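What follows is a single structure, written as structure tokens, with notes after it.
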Amino acid sequence: MSEHELPSNWGRWGADDERGTLNLITDEVRERAGREVRTGRSVSLAVPIRPAPVLSGPFPPRTAEESPVQQFMMYTGSPAFAHADVMTVTNHHTLSTHLDALAHIPQDGQVYPGRPANESVTMGGVVHGSTAAFAEGIVTRGVLLDLGADGPVPADRVITGRDLDAAEERGEVRVEPGDALVARFGWVRTRYRGNPMPGMSVDAVRWMHDRGVSLYAGDLSDAYPPSQPFAMHGVALPRLGMPLIDAVDADELAAVCAELGRYSFLFVAAPPRILGLTGVPVNPLAIF
């Protein structure tokens, strides 16, 4: 692959593949991941969501500050014999930790691995590259690369493969094929407010491709204003078939890793088993 050629997994696992880099999570990888559990300590990477009550009717979120979840309380009489509610969820929202399916972002009218986008995503839902690929959950070894260990990554910084190498060296850890990569920029409290933000470069995506990363989860992914192309949503997701978990909170994870002196763990993501979507909320767990 030349320096300027974009990495791709199209055709690697067949023309009908919907799992992408999740194919790298073999039974052997899961068995190796299980050996990471030594104390049983668990850390969530999900951002807490406070639902917005719907009293007069549903509404689309208008700003990044509005809740991605709207809650309808169901009145069951007085005295109530049960309490229940209905939720509407905006999946690809900056305040919601969510897992992007491979059909989420097309490239040149195609979705991974080169299927026509207009045949893959219809008015009735996604028929190729949907959340069906996540129905069995994701269990693998996770590695935290704490890019913001010395403070938040500067807004004008674009992360390269060399930066990822340096983060490995600091954590005395190495990303292996099939691993989930968790990246912390240190921006969980200040991101997505319309200001410039750092992000991954295409060079970093090549690094992930070479290392065999199965999934990316980060408090940030693509830089803003965007570079061309979007490294994670424009290359990793549609070309590599790498599922992305957007808007994670890795601050507690970083603190626990520093406390324990280890930056690898069992990574578990078990989203709702809802098929045919472009993305789904998820609560990723790191278990030590």
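By convention in this document, the chains of the structure tokens carry letters A, B, ... by their order, each chain's residues are numbered from 1, and ligands are numbered from 1 in the order they are shown.
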
Spatial neighbours of segment 258-264 of chain A, max dist 9 Å, only C-alpha atoms, sep filter under 3 positions, as a PyMOL selection string: chain A and resi 33+36+141-146+168+171-175+253-255+267+286+288

Write the residues you've just listed into a file as a short mmCIF file (atom, residue, chain, number, x, y, z; two decimals), in the first residue's frame, and include all heavy atoms for each of them.
data_model
loop_
_atom_site.label_atom_id
_atom_site.label_comp_id
_atom_site.auth_asym_id
_atom_site.auth_seq_id
_atom_site.Cartn_x
_atom_site.Cartn_y
_atom_site.Cartn_z
N ALA A 33 -8.77 -12.74 25.76
CA ALA A 33 -9.39 -11.60 26.45
C ALA A 33 -9.89 -12.01 27.82
O ALA A 33 -9.80 -11.24 28.79
CB ALA A 33 -10.54 -11.06 25.60
N GLU A 36 -7.78 -11.59 30.88
CA GLU A 36 -7.54 -10.25 31.42
C GLU A 36 -8.30 -10.02 32.73
O GLU A 36 -7.98 -9.10 33.48
CB GLU A 36 -7.98 -9.19 30.40
CG GLU A 36 -7.15 -9.15 29.13
CD GLU A 36 -5.76 -8.57 29.36
OE1 GLU A 36 -5.59 -7.77 30.31
OE2 GLU A 36 -4.85 -8.95 28.59
N ARG A 141 -10.50 -8.42 23.82
CA ARG A 141 -9.54 -7.71 24.67
C ARG A 141 -9.59 -6.23 24.31
O ARG A 141 -9.61 -5.86 23.14
CB ARG A 141 -8.14 -8.26 24.46
CG ARG A 141 -7.03 -7.59 25.27
CD ARG A 141 -5.73 -8.34 24.98
NE ARG A 141 -4.57 -7.75 25.64
CZ ARG A 141 -3.67 -6.98 25.03
NH1 ARG A 141 -3.81 -6.67 23.74
NH2 ARG A 141 -2.63 -6.51 25.68
N GLY A 142 -9.62 -5.38 25.30
CA GLY A 142 -9.58 -3.95 25.08
C GLY A 142 -8.25 -3.37 25.53
O GLY A 142 -7.63 -3.88 26.48
N VAL A 143 -7.81 -2.32 24.83
CA VAL A 143 -6.59 -1.62 25.19
C VAL A 143 -6.89 -0.12 25.20
O VAL A 143 -7.45 0.41 24.24
CB VAL A 143 -5.45 -1.91 24.19
CG1 VAL A 143 -4.25 -1.02 24.47
CG2 VAL A 143 -5.04 -3.38 24.26
N LEU A 144 -6.54 0.54 26.29
CA LEU A 144 -6.67 1.99 26.38
C LEU A 144 -5.35 2.64 25.96
O LEU A 144 -4.29 2.34 26.51
CB LEU A 144 -7.01 2.43 27.80
CG LEU A 144 -6.97 3.95 28.03
CD1 LEU A 144 -8.06 4.66 27.25
CD2 LEU A 144 -7.07 4.28 29.52
N LEU A 145 -5.43 3.53 24.98
CA LEU A 145 -4.32 4.40 24.63
C LEU A 145 -4.71 5.80 25.09
O LEU A 145 -5.58 6.45 24.49
CB LEU A 145 -4.02 4.36 23.14
CG LEU A 145 -3.57 3.00 22.60
CD1 LEU A 145 -3.17 3.11 21.13
CD2 LEU A 145 -2.42 2.41 23.43
N ASP A 146 -4.09 6.23 26.18
CA ASP A 146 -4.47 7.50 26.82
C ASP A 146 -3.65 8.63 26.19
O ASP A 146 -2.56 8.97 26.65
CB ASP A 146 -4.24 7.42 28.32
CG ASP A 146 -4.87 8.60 29.06
OD1 ASP A 146 -5.41 9.50 28.39
OD2 ASP A 146 -4.81 8.60 30.31
N GLU A 168 1.23 3.61 23.48
CA GLU A 168 1.51 2.21 23.85
C GLU A 168 2.72 2.14 24.78
O GLU A 168 2.70 1.43 25.80
CB GLU A 168 1.81 1.39 22.60
CG GLU A 168 0.62 0.91 21.82
CD GLU A 168 1.03 -0.06 20.73
OE1 GLU A 168 2.11 0.16 20.11
OE2 GLU A 168 0.29 -1.01 20.48
N GLY A 171 1.93 3.26 28.28
CA GLY A 171 1.11 2.29 29.01
C GLY A 171 1.72 0.91 29.10
O GLY A 171 1.13 0.02 29.73
N GLU A 172 2.88 0.72 28.48
CA GLU A 172 3.56 -0.58 28.47
C GLU A 172 2.59 -1.67 28.01
O GLU A 172 2.42 -2.71 28.64
CB GLU A 172 4.14 -0.90 29.85
CG GLU A 172 5.19 0.10 30.31
CD GLU A 172 5.78 -0.25 31.66
OE1 GLU A 172 5.20 -1.09 32.37
OE2 GLU A 172 6.83 0.32 32.01
N VAL A 173 1.96 -1.41 26.87
CA VAL A 173 0.96 -2.31 26.32
C VAL A 173 1.11 -2.29 24.81
O VAL A 173 1.67 -1.34 24.24
CB VAL A 173 -0.46 -1.86 26.75
CG1 VAL A 173 -0.85 -0.55 26.08
CG2 VAL A 173 -1.50 -2.94 26.48
N ARG A 174 0.61 -3.33 24.15
CA ARG A 174 0.66 -3.39 22.70
C ARG A 174 -0.69 -3.87 22.16
O ARG A 174 -1.25 -4.85 22.66
CB ARG A 174 1.77 -4.33 22.21
CG ARG A 174 1.87 -4.40 20.68
CD ARG A 174 3.03 -5.28 20.23
NE ARG A 174 3.01 -5.46 18.78
CZ ARG A 174 3.55 -4.60 17.91
NH1 ARG A 174 4.14 -3.50 18.36
NH2 ARG A 174 3.50 -4.83 16.61
N VAL A 175 -1.21 -3.16 21.16
CA VAL A 175 -2.46 -3.54 20.51
C VAL A 175 -2.20 -4.74 19.61
O VAL A 175 -1.31 -4.70 18.75
CB VAL A 175 -3.03 -2.36 19.71
CG1 VAL A 175 -4.26 -2.80 18.93
CG2 VAL A 175 -3.36 -1.19 20.63
N LEU A 253 -12.01 5.07 33.25
CA LEU A 253 -11.17 3.97 32.79
C LEU A 253 -9.70 4.33 32.89
O LEU A 253 -8.88 3.52 33.36
CB LEU A 253 -11.53 3.62 31.35
CG LEU A 253 -10.65 2.56 30.67
CD1 LEU A 253 -10.77 1.22 31.39
CD2 LEU A 253 -11.01 2.42 29.20
N ALA A 254 -9.34 5.54 32.48
CA ALA A 254 -7.94 5.97 32.55
C ALA A 254 -7.45 5.99 34.00
O ALA A 254 -6.31 5.60 34.28
CB ALA A 254 -7.78 7.34 31.91
N ALA A 255 -8.30 6.44 34.91
CA ALA A 255 -7.92 6.50 36.32
C ALA A 255 -7.70 5.09 36.88
O ALA A 255 -6.74 4.85 37.63
CB ALA A 255 -8.98 7.23 37.12
N PHE A 267 -13.04 -6.38 27.22
CA PHE A 267 -13.95 -5.38 26.69
C PHE A 267 -15.24 -6.07 26.27
O PHE A 267 -15.22 -7.05 25.51
CB PHE A 267 -13.32 -4.68 25.49
CG PHE A 267 -14.20 -3.63 24.85
CD1 PHE A 267 -14.11 -2.29 25.25
CD2 PHE A 267 -15.11 -3.97 23.86
CE1 PHE A 267 -14.91 -1.33 24.66
CE2 PHE A 267 -15.92 -3.01 23.27
CZ PHE A 267 -15.82 -1.69 23.68
N ALA A 286 -15.37 -2.23 30.62
CA ALA A 286 -14.01 -2.70 30.77
C ALA A 286 -13.94 -3.47 32.08
O ALA A 286 -14.26 -2.91 33.14
CB ALA A 286 -13.02 -1.54 30.77
N PHE A 288 -11.62 -5.81 34.68
CA PHE A 288 -10.22 -6.08 35.03
C PHE A 288 -10.08 -7.36 35.87
O PHE A 288 -10.97 -7.73 36.58
CB PHE A 288 -9.64 -4.91 35.81
CG PHE A 288 -9.48 -3.68 34.97
CD1 PHE A 288 -10.54 -2.78 34.82
CD2 PHE A 288 -8.29 -3.40 34.32
CE1 PHE A 288 -10.40 -1.64 34.05
CE2 PHE A 288 -8.15 -2.26 33.56
CZ PHE A 288 -9.20 -1.38 33.41
#

Which residues, written as a PDB file with C-alpha atoms, in the first residue's frame, have at least one atom at most 10 Å from Gln110 of chain A, with only C-alpha atoms counted and residues fewer than 4 positions away on the same chain left out?
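Done, and the output landed in part28.pdb:
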ATOM      1  CA  ALA A 103     -24.173   1.150   6.764  1.00  0.00           C
ATOM      2  CA  ILE A 105     -21.725   6.249   6.375  1.00  0.00           C
ATOM      3  CA  PRO A 106     -21.646   5.494   2.621  1.00  0.00           C
ATOM      4  CA  GLY A 114     -18.848  -2.111  -1.837  1.00  0.00           C
ATOM      5  CA  ARG A 115     -22.605  -2.676  -1.798  1.00  0.00           C
ATOM      6  CA  PRO A 116     -24.842   0.014  -3.392  1.00  0.00           C
ATOM      7  CA  ALA A 117     -26.070   2.298  -0.619  1.00  0.00           C
ATOM      8  CA  ASN A 118     -29.557   2.658  -2.129  1.00  0.00           C
ATOM      9  CA  GLU A 119     -29.995  -1.112  -1.974  1.00  0.00           C
ATOM     10  CA  SER A 120     -28.525  -1.463   1.502  1.00  0.00           C
ATOM     11  CA  PRO A 238     -16.880   2.400   5.389  1.00  0.00           C
ATOM     12  CA  ARG A 239     -13.557   1.143   3.962  1.00  0.00           C
TER      13      ARG A 239
END

Interatomic distance (Å, one decimal) between atom CA of Val268 of chain A and atom CA of Glu136 of chain A: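 Straight-line distance from atom CA of Val268 of chain A to atom CA of Glu136 of chain A works out to 11.0 Å.
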
Counting only C-alpha atoms, the option among A:Arg206, A:Arg30, A:His92, A:His233 closest to Glu5 of chain A: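 Of A:Arg206, A:Arg30, A:His92, A:His233, the one nearest Glu5 of chain A, counting only C-alpha atoms, is A:Arg206.
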
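Using only C-alpha atoms, the shortest contact distance between Ala46 of chain A and any of A:Thr88, A:Ser8, A:Ser201, A:Thr94 is found at A:Thr94.
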
Contacts of Val69 of chain A within 12 Å, only C-alpha atoms, excl. fewer than 2 positions in-chain, as a PyMOL selection string: chain A and resi 48-54+58-61+65-67+71-72+85-97+281

Polymer residues at most 12 Å from Pro154 of chain A, only C-alpha atoms, same-chain spacing of 4 or more positions, as an NGL selection string: :A and (147-148 or 150 or 158-159 or 185-187 or 195-199 or 223-224)

Residue list (strand (DSSP E or B), DSSP) for segment 57-155 of chain A, as a PyMOL selection string: chain A and resi 69-74+84-89+98-100+107+110-111+115-116+121-122+125-126+138-146

Segment 90-178 of chain A: residues DSSP assigns to alpha helix (DSSP H), reported as a list in words: Ala117, Asn118, Glu119, Ser120, Gly161, Arg162, Asp163, Leu164, Asp165, Ala166, Ala167, Glu168, Glu169, Arg170 and Gly171 of chain A

Filtering to all heavy atoms, could you give me those residues as a compact mmCIF listing (two decimals), in the first residue's frame?
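The new file result_28.txt reads:
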# COMPACT_ATOMS: atom_id res chain seq x y z
N ALA A 117 -25.42 1.76 -1.81
CA ALA A 117 -26.07 2.30 -0.62
C ALA A 117 -27.58 2.30 -0.76
O ALA A 117 -28.31 2.03 0.22
CB ALA A 117 -25.55 3.71 -0.34
N ASN A 118 -28.10 2.58 -1.96
CA ASN A 118 -29.56 2.66 -2.13
C ASN A 118 -30.23 1.29 -2.08
O ASN A 118 -31.45 1.20 -1.96
CB ASN A 118 -29.92 3.38 -3.42
CG ASN A 118 -29.36 2.71 -4.66
OD1 ASN A 118 -28.70 1.68 -4.58
ND2 ASN A 118 -29.60 3.31 -5.82
N GLU A 119 -29.44 0.23 -2.15
CA GLU A 119 -29.99 -1.11 -1.97
C GLU A 119 -29.78 -1.62 -0.55
O GLU A 119 -30.47 -2.55 -0.12
CB GLU A 119 -29.33 -2.09 -2.95
CG GLU A 119 -29.59 -1.77 -4.41
CD GLU A 119 -28.84 -2.72 -5.34
OE1 GLU A 119 -28.23 -3.70 -4.83
OE2 GLU A 119 -28.85 -2.48 -6.56
N SER A 120 -28.86 -1.01 0.15
CA SER A 120 -28.52 -1.46 1.50
C SER A 120 -29.36 -0.79 2.58
O SER A 120 -29.64 -1.38 3.62
CB SER A 120 -27.03 -1.20 1.78
OG SER A 120 -26.22 -1.88 0.85
N GLY A 161 0.01 7.68 13.64
CA GLY A 161 0.44 6.38 14.14
C GLY A 161 1.58 6.50 15.14
O GLY A 161 1.67 5.71 16.09
N ARG A 162 2.43 7.48 14.94
CA ARG A 162 3.53 7.69 15.89
C ARG A 162 3.00 8.05 17.28
O ARG A 162 3.56 7.61 18.30
CB ARG A 162 4.46 8.78 15.37
CG ARG A 162 5.70 8.98 16.21
CD ARG A 162 6.68 9.92 15.52
NE ARG A 162 7.18 9.35 14.26
CZ ARG A 162 8.03 9.95 13.46
NH1 ARG A 162 8.48 11.17 13.76
NH2 ARG A 162 8.44 9.37 12.35
N ASP A 163 1.92 8.82 17.32
CA ASP A 163 1.31 9.15 18.62
C ASP A 163 0.75 7.91 19.29
O ASP A 163 0.82 7.76 20.52
CB ASP A 163 0.18 10.17 18.43
CG ASP A 163 0.69 11.51 17.94
OD1 ASP A 163 1.67 12.02 18.51
OD2 ASP A 163 0.09 12.06 16.99
N LEU A 164 0.18 7.01 18.49
CA LEU A 164 -0.36 5.77 19.06
C LEU A 164 0.76 4.87 19.56
O LEU A 164 0.64 4.23 20.61
CB LEU A 164 -1.21 5.04 18.01
CG LEU A 164 -2.42 5.85 17.47
CD1 LEU A 164 -3.16 5.04 16.41
CD2 LEU A 164 -3.36 6.24 18.60
N ASP A 165 1.88 4.85 18.83
CA ASP A 165 3.05 4.12 19.32
C ASP A 165 3.51 4.66 20.68
O ASP A 165 3.83 3.90 21.60
CB ASP A 165 4.21 4.25 18.32
CG ASP A 165 4.03 3.37 17.09
OD1 ASP A 165 3.38 2.32 17.20
OD2 ASP A 165 4.55 3.75 16.03
N ALA A 166 3.55 5.99 20.79
CA ALA A 166 4.01 6.61 22.04
C ALA A 166 3.07 6.29 23.19
O ALA A 166 3.51 6.06 24.33
CB ALA A 166 4.13 8.13 21.85
N ALA A 167 1.75 6.27 22.92
CA ALA A 167 0.79 5.94 23.97
C ALA A 167 0.94 4.49 24.41
O ALA A 167 0.80 4.18 25.61
CB ALA A 167 -0.63 6.20 23.47
N GLU A 168 1.23 3.61 23.48
CA GLU A 168 1.51 2.21 23.85
C GLU A 168 2.72 2.14 24.78
O GLU A 168 2.70 1.43 25.80
CB GLU A 168 1.81 1.39 22.60
CG GLU A 168 0.62 0.91 21.82
CD GLU A 168 1.03 -0.06 20.73
OE1 GLU A 168 2.11 0.16 20.11
OE2 GLU A 168 0.29 -1.01 20.48
N GLU A 169 3.76 2.87 24.42
CA GLU A 169 4.99 2.83 25.22
C GLU A 169 4.74 3.35 26.64
O GLU A 169 5.22 2.76 27.62
CB GLU A 169 6.07 3.65 24.53
CG GLU A 169 7.42 3.57 25.21
CD GLU A 169 8.52 4.28 24.43
OE1 GLU A 169 8.26 4.67 23.27
OE2 GLU A 169 9.61 4.47 24.99
N ARG A 170 3.94 4.43 26.74
CA ARG A 170 3.63 4.97 28.08
C ARG A 170 2.87 3.96 28.92
O ARG A 170 3.09 3.82 30.12
CB ARG A 170 2.82 6.26 27.96
CG ARG A 170 3.61 7.48 27.56
CD ARG A 170 2.82 8.75 27.81
NE ARG A 170 1.54 8.75 27.10
CZ ARG A 170 1.36 9.19 25.86
NH1 ARG A 170 2.40 9.66 25.18
NH2 ARG A 170 0.18 9.18 25.29
N GLY A 171 1.93 3.26 28.28
CA GLY A 171 1.11 2.29 29.01
C GLY A 171 1.72 0.91 29.10
O GLY A 171 1.13 0.02 29.73

Nearest candidate to Met208 of chain A (options A:Asn283, A:Leu237, A:Gln228, A:Val188; using only C-alpha atoms): A:Leu237

Pick from A:Pro152, A:Gly212, A:Pro225, A:Pro272, whichever lies nearest to Thr26 of chain A using only C-alpha atoms: A:Gly212

Å distance separating atom CA of Glu31 of chain A from atom CA of Leu266 of chain A, one decimal place: 10.1 Å

Contacts of Glu28 of chain A within 10 Å, only C-alpha atoms, excl. fewer than 5 positions in-chain, as a list in words: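 Contacts, in chain order: Ala33, Gly34, Thr140 and Gly178 of chain A.
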
Export of the given selection (N, CA, C and O atoms) as an mmCIF file, in the first residue's frame:
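Result file is result-v2.cif:
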data_model
loop_
_atom_site.group_PDB
_atom_site.id
_atom_site.type_symbol
_atom_site.label_atom_id
_atom_site.label_comp_id
_atom_site.auth_asym_id
_atom_site.auth_seq_id
_atom_site.Cartn_x
_atom_site.Cartn_y
_atom_site.Cartn_z
ATOM 1 N N ALA A 33 -8.766 -12.738 25.756
ATOM 2 C CA ALA A 33 -9.389 -11.602 26.446
ATOM 3 C C ALA A 33 -9.892 -12.006 27.822
ATOM 4 O O ALA A 33 -9.796 -11.235 28.785
ATOM 5 N N GLY A 34 -10.437 -13.215 27.928
ATOM 6 C CA GLY A 34 -10.946 -13.679 29.213
ATOM 7 C C GLY A 34 -9.880 -13.743 30.288
ATOM 8 O O GLY A 34 -10.174 -13.572 31.484
ATOM 9 N N THR A 140 -14.063 -9.006 23.536
ATOM 10 C CA THR A 140 -12.686 -9.104 23.082
ATOM 11 C C THR A 140 -11.772 -8.461 24.113
ATOM 12 O O THR A 140 -12.215 -8.012 25.176
ATOM 13 N N GLY A 178 -7.436 -8.200 16.648
ATOM 14 C CA GLY A 178 -8.702 -8.527 17.303
ATOM 15 C C GLY A 178 -9.037 -7.651 18.483
ATOM 16 O O GLY A 178 -10.159 -7.689 19.005
#

Which neighbours of Gly125 of chain A fall inside 10 Å, counting only C-alpha atoms, when residues of the same chain fewer than 5 positions from it are skipped, and could you give them as a CSV table (one decimal) with N, CA and C atoms, in the first residue's frame?
chain,number,residue,atom,x,y,z
A,120,SER,N,-28.9,-1.0,0.2
A,120,SER,CA,-28.5,-1.5,1.5
A,120,SER,C,-29.4,-0.8,2.6
A,130,SER,N,-26.2,-3.6,8.9
A,130,SER,CA,-27.0,-3.0,10.0
A,130,SER,C,-26.5,-3.5,11.3
A,275,LEU,N,-32.5,-5.3,15.2
A,275,LEU,CA,-31.9,-5.5,13.9
A,275,LEU,C,-32.3,-4.4,13.0
A,276,GLY,N,-31.5,-4.1,11.9
A,276,GLY,CA,-31.9,-3.3,10.9
A,276,GLY,C,-31.7,-1.8,11.1
A,277,LEU,N,-30.8,-1.4,12.1
A,277,LEU,CA,-30.6,0.0,12.4
A,277,LEU,C,-29.2,0.4,11.9
A,278,THR,N,-29.0,1.7,11.8
A,278,THR,CA,-27.7,2.3,11.4
A,278,THR,C,-26.8,2.4,12.6

Near-Val282 of chain A list (7 Å; only C-alpha atoms; drop same-chain fewer than 4 positions) as a VMD selection string: chain A and resid 97 to 99 269 to 271
